[in-house]
Amino acid sequence: MNGDLAAVLATRDASENPVRVGLIGAGEMGTDIVTQISLMKGIEISVLSVLRAEHAFRAIEIAGLSAETYV
């Protein structure tokens, strides 16, 4: 994979084939990761594993994403 990260992610976004990330935990750092990834094109959180669902939904809310689109 040649090129810079922004170019690679732009290509993935254009082809509607984003990099899918699985994340364990939605504490302070996990929430930061959810928020940062939500701002990027070509990459998405596909799985967020937590012990308490309310933590995942809080991270989604902080990231400015719609909780209705997540299960």
# chains A, B, ... in the order shown; residues from 1 in each chain; ligands from 1

call {"tool": "residues_around", "arguments": {"residues": "Ala67 of chain A", "least_positions_apart": "5", "cutoff": "10 Å", "atoms": "only C-alpha atoms", "output": "PDB file with N, CA and C atoms, in the first residue's frame"}}
result
ATOM      1  N   ALA A  56     -21.005   2.748  25.541  1.00  0.00           N
ATOM      2  CA  ALA A  56     -20.875   2.805  24.083  1.00  0.00           C
ATOM      3  C   ALA A  56     -21.750   3.917  23.527  1.00  0.00           C
ATOM      4  N   PHE A  57     -22.990   4.001  24.005  1.00  0.00           N
ATOM      5  CA  PHE A  57     -23.890   5.029  23.493  1.00  0.00           C
ATOM      6  C   PHE A  57     -23.442   6.426  23.894  1.00  0.00           C
ATOM      7  N   ARG A  58     -22.810   6.557  25.040  1.00  0.00           N
ATOM      8  CA  ARG A  58     -22.261   7.863  25.443  1.00  0.00           C
ATOM      9  C   ARG A  58     -21.106   8.254  24.525  1.00  0.00           C
ATOM     10  N   ALA A  59     -20.243   7.310  24.191  1.00  0.00           N
ATOM     11  CA  ALA A  59     -19.129   7.596  23.269  1.00  0.00           C
ATOM     12  C   ALA A  59     -19.666   8.014  21.907  1.00  0.00           C
ATOM     13  N   ILE A  60     -20.707   7.330  21.441  1.00  0.00           N
ATOM     14  CA  ILE A  60     -21.329   7.671  20.159  1.00  0.00           C
ATOM     15  C   ILE A  60     -21.917   9.074  20.211  1.00  0.00           C
ATOM     16  N   GLU A  61     -22.563   9.395  21.317  1.00  0.00           N
ATOM     17  CA  GLU A  61     -23.158  10.728  21.495  1.00  0.00           C
ATOM     18  C   GLU A  61     -22.083  11.818  21.504  1.00  0.00           C
TER      19      GLU A  61
END

call {"tool": "select_by_dssp", "arguments": {"residues": "chain A", "states": "strand (DSSP E)", "output": "list in words"}}
result
Val19, Arg20, Val21, Gly22, Leu23, Ile24, Ile43, Glu44, Ile45, Ser46, Val47, Leu48 and Ser49 of chain A

call {"tool": "closest_residue", "arguments": {"among": "A:Leu23, A:Ile62, A:Ala10, A:Met29", "to": "Ser46 of chain A", "atoms": "only C-alpha atoms"}}
result
A:Leu23

call {"tool": "select_by_dssp", "arguments": {"residues": "segment 9-65 of chain A", "states": "alpha helix (DSSP H)", "output": "JSON, numbers by chain"}}
result
{"A": [9, 10, 11, 12, 13, 14, 28, 29, 30, 31, 32, 33, 34, 35, 36, 37, 38, 53, 54, 55, 56, 57, 58, 59, 60, 61, 62]}

call {"tool": "residues_around", "arguments": {"residues": "Ala26 of chain A", "least_positions_apart": "2", "cutoff": "6 Å", "atoms": "only C-alpha atoms", "output": "mmCIF file with N, CA and C atoms, in the first residue's frame"}}
result
data_model
loop_
_atom_site.group_PDB
_atom_site.id
_atom_site.type_symbol
_atom_site.label_atom_id
_atom_site.label_comp_id
_atom_site.auth_asym_id
_atom_site.auth_seq_id
_atom_site.Cartn_x
_atom_site.Cartn_y
_atom_site.Cartn_z
ATOM 1 N N GLY A 30 -11.060 5.137 24.586
ATOM 2 C CA GLY A 30 -11.943 4.573 23.577
ATOM 3 C C GLY A 30 -12.874 5.618 22.995
ATOM 4 N N THR A 31 -13.401 6.489 23.848
ATOM 5 C CA THR A 31 -14.272 7.570 23.382
ATOM 6 C C THR A 31 -13.505 8.516 22.472
ATOM 7 N N HIS A 55 -22.119 3.032 28.082
ATOM 8 C CA HIS A 55 -20.813 3.634 27.788
ATOM 9 C C HIS A 55 -20.596 3.759 26.284
ATOM 10 N N ALA A 56 -21.005 2.748 25.541
ATOM 11 C CA ALA A 56 -20.875 2.805 24.083
ATOM 12 C C ALA A 56 -21.750 3.917 23.527
#
